[in-house]
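Enquirer: my_file.pdb (PDB, N, CA and C atoms and all ligand atoms) pasted underneath:
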```pdb
ATOM      1  N   MET N 252      75.810-122.615 -25.569
ATOM      2  CA  MET N 252      76.552-121.804 -26.544
ATOM      3  C   MET N 252      76.260-122.289 -27.952
ATOM      4  N   PRO N 253      75.881-121.387 -28.863
ATOM      5  CA  PRO N 253      75.686-121.814 -30.256
ATOM      6  C   PRO N 253      76.976-122.379 -30.833
ATOM      7  N   ASN N 254      76.843-123.317 -31.700
ATOM      8  CA  ASN N 254      77.994-123.939 -32.357
ATOM      9  C   ASN N 254      77.661-124.113 -33.830
ATOM     10  N   PHE N 255      77.707-122.980 -34.567
ATOM     11  CA  PHE N 255      77.321-123.029 -35.976
ATOM     12  C   PHE N 255      78.434-123.645 -36.816
ATOM     13  N   VAL N 256      78.050-124.608 -37.641
ATOM     14  CA  VAL N 256      78.976-125.337 -38.501
ATOM     15  C   VAL N 256      78.525-125.152 -39.946
ATOM     16  N   THR N 257      79.461-124.791 -40.827
ATOM     17  CA  THR N 257      79.127-124.660 -42.243
ATOM     18  C   THR N 257      78.927-126.048 -42.850
ATOM     19  N   VAL N 258      77.770-126.237 -43.518
ATOM     20  CA  VAL N 258      77.478-127.542 -44.115
ATOM     21  C   VAL N 258      77.492-127.503 -45.642
ATOM     22  N   ALA N 259      77.221-126.333 -46.219
ATOM     23  CA  ALA N 259      77.130-126.256 -47.680
ATOM     24  C   ALA N 259      77.085-124.797 -48.089
ATOM     25  N   LYS N 260      77.159-124.574 -49.395
ATOM     26  CA  LYS N 260      76.942-123.237 -49.931
ATOM     27  C   LYS N 260      75.482-123.122 -50.364
ATOM     28  N   THR N 261      74.980-121.896 -50.373
ATOM     29  CA  THR N 261      73.561-121.709 -50.663
ATOM     30  C   THR N 261      73.171-122.311 -52.018
ATOM     31  N   GLY N 262      74.082-122.229 -53.000
ATOM     32  CA  GLY N 262      73.768-122.770 -54.318
ATOM     33  C   GLY N 262      73.684-124.277 -54.348
ATOM     34  N   ASP N 263      74.178-124.927 -53.282
ATOM     35  CA  ASP N 263      74.166-126.390 -53.255
ATOM     36  C   ASP N 263      72.780-126.961 -52.960
ATOM     37  N   ILE N 264      71.921-126.162 -52.311
ATOM     38  CA  ILE N 264      70.580-126.641 -51.954
ATOM     39  C   ILE N 264      69.578-125.619 -52.474
ATOM     40  N   PRO N 265      69.148-125.750 -53.729
ATOM     41  CA  PRO N 265      68.201-124.778 -54.292
ATOM     42  C   PRO N 265      66.832-124.882 -53.617
ATOM     43  N   PRO N 266      65.983-123.882 -53.804
ATOM     44  CA  PRO N 266      64.624-123.951 -53.254
ATOM     45  C   PRO N 266      63.929-125.238 -53.679
ATOM     46  N   GLY N 267      63.283-125.870 -52.721
ATOM     47  CA  GLY N 267      62.579-127.127 -52.984
ATOM     48  C   GLY N 267      63.441-128.349 -52.805
ATOM     49  N   GLU N 268      64.733-128.147 -52.530
ATOM     50  CA  GLU N 268      65.641-129.283 -52.387
ATOM     51  C   GLU N 268      66.026-129.484 -50.925
ATOM     52  N   ARG N 269      66.691-130.596 -50.670
ATOM     53  CA  ARG N 269      67.198-130.887 -49.339
ATOM     54  C   ARG N 269      68.447-131.736 -49.480
ATOM     55  N   ASP N 270      69.245-131.763 -48.422
ATOM     56  CA  ASP N 270      70.434-132.610 -48.422
ATOM     57  C   ASP N 270      70.699-133.015 -46.984
ATOM     58  N   VAL N 271      71.495-134.064 -46.834
ATOM     59  CA  VAL N 271      71.779-134.598 -45.505
ATOM     60  C   VAL N 271      73.277-134.501 -45.250
ATOM     61  N   PHE N 272      73.630-134.104 -44.032
ATOM     62  CA  PHE N 272      75.030-133.925 -43.660
ATOM     63  C   PHE N 272      75.305-134.678 -42.370
ATOM     64  N   GLU N 273      76.487-135.262 -42.299
ATOM     65  CA  GLU N 273      76.891-135.902 -41.057
ATOM     66  C   GLU N 273      77.755-134.920 -40.281
ATOM     67  N   ILE N 274      77.315-134.567 -39.098
ATOM     68  CA  ILE N 274      78.039-133.625 -38.247
ATOM     69  C   ILE N 274      78.183-134.261 -36.868
ATOM     70  N   ASP N 275      79.400-134.443 -36.448
ATOM     71  CA  ASP N 275      79.669-135.039 -35.132
ATOM     72  C   ASP N 275      78.889-136.342 -34.945
ATOM     73  N   GLY N 276      78.829-137.135 -35.996
ATOM     74  CA  GLY N 276      78.179-138.434 -35.889
ATOM     75  C   GLY N 276      76.669-138.400 -35.979
ATOM     76  N   ARG N 277      76.098-137.218 -36.213
ATOM     77  CA  ARG N 277      74.634-137.117 -36.339
ATOM     78  C   ARG N 277      74.295-136.802 -37.784
ATOM     79  N   TYR N 278      73.173-137.314 -38.228
ATOM     80  CA  TYR N 278      72.715-137.031 -39.586
ATOM     81  C   TYR N 278      71.663-135.928 -39.521
ATOM     82  N   ILE N 279      71.961-134.832 -40.201
ATOM     83  CA  ILE N 279      71.096-133.652 -40.146
ATOM     84  C   ILE N 279      70.623-133.321 -41.558
ATOM     85  N   ALA N 280      69.310-133.235 -41.701
ATOM     86  CA  ALA N 280      68.701-132.919 -42.992
ATOM     87  C   ALA N 280      68.456-131.414 -43.060
ATOM     88  N   VAL N 281      68.924-130.789 -44.147
ATOM     89  CA  VAL N 281      68.728-129.352 -44.353
ATOM     90  C   VAL N 281      67.818-129.164 -45.559
ATOM     91  N   PHE N 282      66.725-128.436 -45.360
ATOM     92  CA  PHE N 282      65.721-128.196 -46.394
ATOM     93  C   PHE N 282      65.752-126.727 -46.791
ATOM     94  N   ASN N 283      65.513-126.468 -48.069
ATOM     95  CA  ASN N 283      65.319-125.109 -48.546
ATOM     96  C   ASN N 283      63.868-124.976 -49.009
ATOM     97  N   VAL N 284      63.107-124.166 -48.276
ATOM     98  CA  VAL N 284      61.718-123.903 -48.665
ATOM     99  C   VAL N 284      61.616-122.421 -48.996
ATOM    100  N   GLY N 285      61.494-122.130 -50.262
ATOM    101  CA  GLY N 285      61.318-120.747 -50.699
ATOM    102  C   GLY N 285      62.471-119.829 -50.317
ATOM    103  N   GLY N 286      63.686-120.391 -50.222
ATOM    104  CA  GLY N 286      64.842-119.580 -49.913
ATOM    105  C   GLY N 286      65.194-119.531 -48.443
ATOM    106  N   THR N 287      64.393-120.158 -47.600
ATOM    107  CA  THR N 287      64.704-120.245 -46.169
ATOM    108  C   THR N 287      65.102-121.680 -45.845
ATOM    109  N   TYR N 288      66.124-121.811 -45.007
ATOM    110  CA  TYR N 288      66.663-123.136 -44.690
ATOM    111  C   TYR N 288      66.177-123.584 -43.322
ATOM    112  N   TYR N 289      65.925-124.895 -43.233
ATOM    113  CA  TYR N 289      65.480-125.514 -41.987
ATOM    114  C   TYR N 289      66.270-126.795 -41.793
ATOM    115  N   ALA N 290      66.568-127.132 -40.544
ATOM    116  CA  ALA N 290      67.358-128.334 -40.287
ATOM    117  C   ALA N 290      66.731-129.155 -39.170
ATOM    118  N   ILE N 291      66.603-130.457 -39.424
ATOM    119  CA  ILE N 291      66.128-131.403 -38.419
ATOM    120  C   ILE N 291      67.008-132.647 -38.489
ATOM    121  N   GLU N 292      66.954-133.423 -37.427
ATOM    122  CA  GLU N 292      67.686-134.687 -37.452
ATOM    123  C   GLU N 292      67.026-135.598 -38.484
ATOM    124  N   ASP N 293      67.874-136.298 -39.240
ATOM    125  CA  ASP N 293      67.358-137.116 -40.360
ATOM    126  C   ASP N 293      67.003-138.522 -39.907
ATOM    127  N   ILE N 294      66.490-138.639 -38.704
ATOM    128  CA  ILE N 294      66.163-139.967 -38.179
ATOM    129  C   ILE N 294      64.776-139.895 -37.547
ATOM    130  N   CYS N 295      63.839-140.603 -38.140
ATOM    131  CA  CYS N 295      62.467-140.605 -37.623
ATOM    132  C   CYS N 295      62.445-141.180 -36.209
ATOM    133  N   THR N 296      61.690-140.530 -35.329
ATOM    134  CA  THR N 296      61.625-140.993 -33.944
ATOM    135  C   THR N 296      60.753-142.232 -33.785
ATOM    136  N   HIS N 297      60.065-142.650 -34.847
ATOM    137  CA  HIS N 297      59.271-143.875 -34.746
ATOM    138  C   HIS N 297      60.151-145.100 -34.848
ATOM    139  N   ASP N 298      60.881-145.213 -35.956
ATOM    140  CA  ASP N 298      61.701-146.413 -36.137
ATOM    141  C   ASP N 298      62.915-146.126 -37.007
ATOM    142  N   GLY N 299      63.428-144.891 -36.928
ATOM    143  CA  GLY N 299      64.699-144.586 -37.572
ATOM    144  C   GLY N 299      64.652-144.328 -39.059
ATOM    145  N   GLY N 300      63.496-144.071 -39.612
ATOM    146  CA  GLY N 300      63.387-143.813 -41.049
ATOM    147  C   GLY N 300      64.179-142.580 -41.465
ATOM    148  N   PRO N 301      64.714-142.587 -42.701
ATOM    149  CA  PRO N 301      65.490-141.441 -43.213
ATOM    150  C   PRO N 301      64.550-140.342 -43.702
ATOM    151  N   LEU N 302      64.299-139.347 -42.855
ATOM    152  CA  LEU N 302      63.244-138.367 -43.147
ATOM    153  C   LEU N 302      63.465-137.617 -44.446
ATOM    154  N   ALA N 303      64.713-137.277 -44.764
ATOM    155  CA  ALA N 303      64.970-136.468 -45.963
ATOM    156  C   ALA N 303      64.624-137.213 -47.246
ATOM    157  N   GLU N 304      64.406-138.520 -47.153
ATOM    158  CA  GLU N 304      63.999-139.273 -48.340
ATOM    159  C   GLU N 304      62.484-139.255 -48.524
ATOM    160  N   GLY N 305      61.777-138.607 -47.598
ATOM    161  CA  GLY N 305      60.328-138.518 -47.704
ATOM    162  C   GLY N 305      59.891-137.330 -48.538
ATOM    163  N   ASP N 306      58.584-137.203 -48.679
ATOM    164  CA  ASP N 306      58.013-136.095 -49.447
ATOM    165  C   ASP N 306      57.658-134.944 -48.514
ATOM    166  N   LEU N 307      57.866-133.713 -49.009
ATOM    167  CA  LEU N 307      57.382-132.543 -48.290
ATOM    168  C   LEU N 307      55.932-132.323 -48.695
ATOM    169  N   VAL N 308      55.058-132.231 -47.714
ATOM    170  CA  VAL N 308      53.646-131.979 -47.985
ATOM    171  C   VAL N 308      53.234-130.711 -47.237
ATOM    172  N   ASP N 309      52.276-130.003 -47.792
ATOM    173  CA  ASP N 309      51.846-128.740 -47.183
ATOM    174  C   ASP N 309      53.049-127.844 -46.861
ATOM    175  N   GLU N 310      54.022-127.843 -47.718
ATOM    176  CA  GLU N 310      55.191-126.969 -47.678
ATOM    177  C   GLU N 310      56.180-127.294 -46.565
ATOM    178  N   TYR N 311      55.705-127.449 -45.324
ATOM    179  CA  TYR N 311      56.646-127.583 -44.205
ATOM    180  C   TYR N 311      56.559-128.923 -43.485
ATOM    181  N   GLU N 312      55.782-129.878 -44.027
ATOM    182  CA  GLU N 312      55.640-131.164 -43.349
ATOM    183  C   GLU N 312      56.394-132.228 -44.118
ATOM    184  N   ILE N 313      57.336-132.883 -43.432
ATOM    185  CA  ILE N 313      58.038-133.977 -44.069
ATOM    186  C   ILE N 313      57.356-135.279 -43.648
ATOM    187  N   ALA N 314      57.072-136.118 -44.640
ATOM    188  CA  ALA N 314      56.423-137.409 -44.380
ATOM    189  C   ALA N 314      57.487-138.495 -44.408
ATOM    190  N   CYS N 315      57.620-139.206 -43.308
ATOM    191  CA  CYS N 315      58.620-140.271 -43.235
ATOM    192  C   CYS N 315      58.349-141.301 -44.330
ATOM    193  N   PRO N 316      59.406-141.677 -45.083
ATOM    194  CA  PRO N 316      59.187-142.623 -46.178
ATOM    195  C   PRO N 316      58.887-144.025 -45.687
ATOM    196  N   ARG N 317      59.095-144.290 -44.404
ATOM    197  CA  ARG N 317      58.923-145.664 -43.928
ATOM    198  C   ARG N 317      57.473-145.962 -43.565
ATOM    199  N   HIS N 318      56.863-145.182 -42.662
ATOM    200  CA  HIS N 318      55.477-145.463 -42.268
ATOM    201  C   HIS N 318      54.592-144.223 -42.308
ATOM    202  N   GLY N 319      55.135-143.095 -42.790
ATOM    203  CA  GLY N 319      54.285-141.938 -43.059
ATOM    204  C   GLY N 319      54.089-140.937 -41.948
ATOM    205  N   ALA N 320      54.761-141.102 -40.814
ATOM    206  CA  ALA N 320      54.638-140.071 -39.774
ATOM    207  C   ALA N 320      55.086-138.728 -40.347
ATOM    208  N   ARG N 321      54.469-137.661 -39.855
ATOM    209  CA  ARG N 321      54.831-136.338 -40.350
ATOM    210  C   ARG N 321      55.420-135.475 -39.247
ATOM    211  N   PHE N 322      56.373-134.630 -39.655
ATOM    212  CA  PHE N 322      57.030-133.704 -38.738
ATOM    213  C   PHE N 322      57.082-132.339 -39.400
ATOM    214  N   ASP N 323      57.006-131.284 -38.567
ATOM    215  CA  ASP N 323      57.161-129.913 -39.056
ATOM    216  C   ASP N 323      58.656-129.606 -39.120
ATOM    217  N   ILE N 324      59.169-129.318 -40.316
ATOM    218  CA  ILE N 324      60.610-129.079 -40.449
ATOM    219  C   ILE N 324      61.030-127.750 -39.821
ATOM    220  N   ARG N 325      60.069-126.894 -39.484
ATOM    221  CA  ARG N 325      60.413-125.615 -38.857
ATOM    222  C   ARG N 325      60.664-125.755 -37.364
ATOM    223  N   THR N 326      60.103-126.803 -36.776
ATOM    224  CA  THR N 326      60.160-126.945 -35.316
ATOM    225  C   THR N 326      60.554-128.337 -34.848
ATOM    226  N   GLY N 327      60.500-129.315 -35.733
ATOM    227  CA  GLY N 327      60.738-130.701 -35.346
ATOM    228  C   GLY N 327      59.527-131.365 -34.707
ATOM    229  N   LYS N 328      58.431-130.631 -34.550
ATOM    230  CA  LYS N 328      57.251-131.183 -33.872
ATOM    231  C   LYS N 328      56.658-132.334 -34.665
ATOM    232  N   VAL N 329      56.305-133.390 -33.939
ATOM    233  CA  VAL N 329      55.619-134.504 -34.577
ATOM    234  C   VAL N 329      54.171-134.090 -34.834
ATOM    235  N   LEU N 330      53.681-134.454 -36.027
ATOM    236  CA  LEU N 330      52.334-134.027 -36.436
ATOM    237  C   LEU N 330      51.385-135.186 -36.617
ATOM    238  N   SER N 331      51.915-136.387 -36.813
ATOM    239  CA  SER N 331      50.995-137.503 -37.003
ATOM    240  C   SER N 331      51.642-138.818 -36.640
ATOM    241  N   MET N 332      50.811-139.781 -36.313
ATOM    242  CA  MET N 332      51.229-141.147 -36.003
ATOM    243  C   MET N 332      51.866-141.761 -37.250
ATOM    244  N   PRO N 333      52.657-142.821 -37.082
ATOM    245  CA  PRO N 333      52.870-143.558 -35.827
ATOM    246  C   PRO N 333      53.947-142.982 -34.915
ATOM    247  N   ALA N 334      54.632-141.910 -35.296
ATOM    248  CA  ALA N 334      55.592-141.304 -34.378
ATOM    249  C   ALA N 334      54.843-140.492 -33.323
ATOM    250  N   VAL N 335      55.397-140.439 -32.124
ATOM    251  CA  VAL N 335      54.782-139.657 -31.048
ATOM    252  C   VAL N 335      55.781-138.708 -30.383
ATOM    253  N   VAL N 336      57.040-138.773 -30.792
ATOM    254  CA  VAL N 336      58.089-137.946 -30.189
ATOM    255  C   VAL N 336      58.630-136.990 -31.248
ATOM    256  N   ASP N 337      58.838-135.726 -30.856
ATOM    257  CA  ASP N 337      59.419-134.736 -31.775
ATOM    258  C   ASP N 337      60.804-135.187 -32.230
ATOM    259  N   VAL N 338      61.196-134.695 -33.403
ATOM    260  CA  VAL N 338      62.545-134.931 -33.884
ATOM    261  C   VAL N 338      63.380-133.702 -33.529
ATOM    262  N   SER N 339      64.685-133.878 -33.347
ATOM    263  CA  SER N 339      65.537-132.732 -32.995
ATOM    264  C   SER N 339      65.533-131.705 -34.119
ATOM    265  N   TRP N 340      65.578-130.464 -33.710
ATOM    266  CA  TRP N 340      65.541-129.333 -34.625
ATOM    267  C   TRP N 340      66.776-128.491 -34.373
ATOM    268  N   PHE N 341      67.326-127.860 -35.429
ATOM    269  CA  PHE N 341      68.559-127.089 -35.293
ATOM    270  C   PHE N 341      68.395-125.718 -35.968
ATOM    271  N   PRO N 342      68.843-124.642 -35.305
ATOM    272  CA  PRO N 342      68.840-123.318 -35.954
ATOM    273  C   PRO N 342      69.758-123.311 -37.179
ATOM    274  N   VAL N 343      69.358-122.547 -38.189
ATOM    275  CA  VAL N 343      70.163-122.407 -39.403
ATOM    276  C   VAL N 343      70.350-120.917 -39.671
ATOM    277  N   ARG N 344      71.539-120.553 -40.114
ATOM    278  CA  ARG N 344      71.770-119.174 -40.552
ATOM    279  C   ARG N 344      72.590-119.213 -41.837
ATOM    280  N   VAL N 345      72.545-118.094 -42.569
ATOM    281  CA  VAL N 345      73.345-117.955 -43.783
ATOM    282  C   VAL N 345      74.338-116.829 -43.549
ATOM    283  N   GLU N 346      75.615-117.139 -43.708
ATOM    284  CA  GLU N 346      76.695-116.155 -43.590
ATOM    285  C   GLU N 346      77.368-116.066 -44.942
ATOM    286  N   GLY N 347      77.185-114.930 -45.649
ATOM    287  CA  GLY N 347      77.679-114.863 -47.021
ATOM    288  C   GLY N 347      76.935-115.897 -47.844
ATOM    289  N   ASP N 348      77.670-116.858 -48.430
ATOM    290  CA  ASP N 348      76.989-117.926 -49.169
ATOM    291  C   ASP N 348      77.100-119.259 -48.433
ATOM    292  N   ALA N 349      77.418-119.197 -47.147
ATOM    293  CA  ALA N 349      77.565-120.434 -46.370
ATOM    294  C   ALA N 349      76.303-120.710 -45.557
ATOM    295  N   ILE N 350      75.793-121.936 -45.696
ATOM    296  CA  ILE N 350      74.682-122.384 -44.849
ATOM    297  C   ILE N 350      75.301-122.974 -43.594
ATOM    298  N   GLN N 351      74.894-122.438 -42.446
ATOM    299  CA  GLN N 351      75.469-122.894 -41.188
ATOM    300  C   GLN N 351      74.369-123.416 -40.267
ATOM    301  N   VAL N 352      74.653-124.549 -39.642
ATOM    302  CA  VAL N 352      73.709-125.192 -38.735
ATOM    303  C   VAL N 352      74.298-125.166 -37.323
ATOM    304  N   ASP N 353      73.450-124.766 -36.364
ATOM    305  CA  ASP N 353      73.860-124.800 -34.968
ATOM    306  C   ASP N 353      73.601-126.209 -34.441
ATOM    307  N   VAL N 354      74.680-126.950 -34.236
ATOM    308  CA  VAL N 354      74.522-128.367 -33.896
ATOM    309  C   VAL N 354      74.341-128.614 -32.413
ATOM    310  N   GLU N 355      74.287-127.544 -31.607
ATOM    311  CA  GLU N 355      73.908-127.740 -30.216
ATOM    312  C   GLU N 355      72.440-128.117 -30.198
ATOM    313  N   GLU N 356      72.111-129.214 -29.540
ATOM    314  CA  GLU N 356      70.735-129.696 -29.583
ATOM    315  C   GLU N 356      69.798-128.728 -28.903
ATOM    316  N   THR N 357      68.629-128.556 -29.505
ATOM    317  CA  THR N 357      67.639-127.641 -28.945
ATOM    318  C   THR N 357      66.559-128.409 -28.218
TER     319      THR N 357
HETATM  320  S1  LIG X   1      60.132-144.975 -39.192
HETATM  321 FE1  LIG X   1      59.160-143.107 -39.630
HETATM  322  S2  LIG X   1      57.052-143.501 -39.452
HETATM  323 FE2  LIG X   1      58.010-145.371 -38.925
END
```
Could you quickly redo this structure as structure tokens?
Expert:
Amino acid sequence: MPNFVTVAKTGDIPPGERDVFEIDGRYIAVFNVGGTYYAIEDICTHDGGPLAEGDLVDEYEIACPRHGARFDIRTGKVLSMPAVVDVSWFPVRVEGDAIQVDVEET
């Protein structure tokens, strides 16, 4: 069952920005790329690096600030070493001006 939780208003995360929210004890990074929102767990699967503190490269790839592993923020798929495991990914929707994340793990 989807479990969408409001995390912020659309104006809180402008295009090109990101923010991290704690929901049910999990840290979830929400990115705005060109007006579309994406959410992944903010914990690198290599060694726990804070992904939202990394740089976005090639628009949709977040580079872990700790050792540089890359993940696709649209899917959570791992794209480069040293990480080898995907990061959790969460559906996002906008209701009115509310950004909502489905915190049921995918
Ligand atoms: S903790 Fe992210 S690449 Fe090592």
Enquirer: Using only C-alpha atoms and all ligand atoms, find each residue with an atom at most 8 Å away from ligand LIG 1 (chain X) and format the answer as a list in words.
Expert: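 Residues lying within 8 Å of ligand LIG 1 (chain X): Ile294, Cys295, Thr296, His297, Asp298, Gly299, Gly300, Pro301, Leu302, Ala314, Cys315, Pro316, Arg317, His318, Gly319, Ala320, Arg321, Met332, Pro333 and Ala334 of chain N.
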Enquirer: Just say which residues the PyMOL selection byres (((chain N and resi 279-293) around 8) and not hetatm) picks in this file, as an MDAnalysis selection string.
Expert: chainID N and resid 264:274 276:278 294:296 299:304 310:311 323:327 338:345 352
Enquirer: Looking only at strand (DSSP E or B) from DSSP on the backbone, list the matching residues of chain N as a ChimeraX atom specification.
Expert: /N:255-260,269-274,277-284,287-292,306-308,312-314,321-323,329,340-341,343-346,349-353
Enquirer: Could you tell me which residues the PyMOL selection byres (((chain N and resi 354 and name CA) around 7) and not hetatm and name CA) grabs in this file, written as a PyMOL selection string?
Expert: chain N and resi 254-255+341+352-353+355-356
Enquirer: Would you save the residues of that selection, restricted to N, CA and C atoms, as a short mmCIF file (atom, residue, chain, number, x, y, z; two decimals), keeping the file's coordinate frame?
Expert:
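again-v6.cif written:
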```
data_model
loop_
_atom_site.label_atom_id
_atom_site.label_comp_id
_atom_site.auth_asym_id
_atom_site.auth_seq_id
_atom_site.Cartn_x
_atom_site.Cartn_y
_atom_site.Cartn_z
N ASN N 254 76.84 -123.32 -31.70
CA ASN N 254 77.99 -123.94 -32.36
C ASN N 254 77.66 -124.11 -33.83
N PHE N 255 77.71 -122.98 -34.57
CA PHE N 255 77.32 -123.03 -35.98
C PHE N 255 78.43 -123.64 -36.82
N PHE N 341 67.33 -127.86 -35.43
CA PHE N 341 68.56 -127.09 -35.29
C PHE N 341 68.40 -125.72 -35.97
N VAL N 352 74.65 -124.55 -39.64
CA VAL N 352 73.71 -125.19 -38.74
C VAL N 352 74.30 -125.17 -37.32
N ASP N 353 73.45 -124.77 -36.36
CA ASP N 353 73.86 -124.80 -34.97
C ASP N 353 73.60 -126.21 -34.44
N GLU N 355 74.29 -127.54 -31.61
CA GLU N 355 73.91 -127.74 -30.22
C GLU N 355 72.44 -128.12 -30.20
N GLU N 356 72.11 -129.21 -29.54
CA GLU N 356 70.74 -129.70 -29.58
C GLU N 356 69.80 -128.73 -28.90
#
```
Enquirer: Enumerate, as a PyMOL selection string, the residues matched when the PyMOL selection byres (((chain N and resi 346-348 and name CA) around 10) and not hetatm and name CA) is run on the file above.
Expert: chain N and resi 257+259-263+343-345+349-351
Enquirer: If you measure from atom CA of Val335 of chain N to atom CA of Asp275 of chain N, what distance in Å do you get, rounded to one decimal?
Expert: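 About the pair atom CA of Val335 of chain N and atom CA of Asp275 of chain N: they are 25.6 Å apart.
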Enquirer: One decimal, Å: what's the distance from atom C of Val336 of chain N over to atom N of Phe322 of chain N, could you say?
Expert: 9.0 Å
Enquirer: Quote the spacing between atom N of Asp309 of chain N and atom N of Asp337 of chain N in Å to one decimal place.
Expert: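 Interatomic distance here is 19.0 Å.
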Enquirer: Could you work out an axis-aligned bounding box for all listed atoms of segment 344-353 of chain N, with 8 Å added on each of the six sides, and give its centre and edge lengths in Å to one decimal, as AutoDock Vina command-line options?
Expert:
```
--center_x 74.6 --center_y -120.5 --center_z -41.8 --size_x 22.1 --size_y 27.3 --size_z 30.7
```
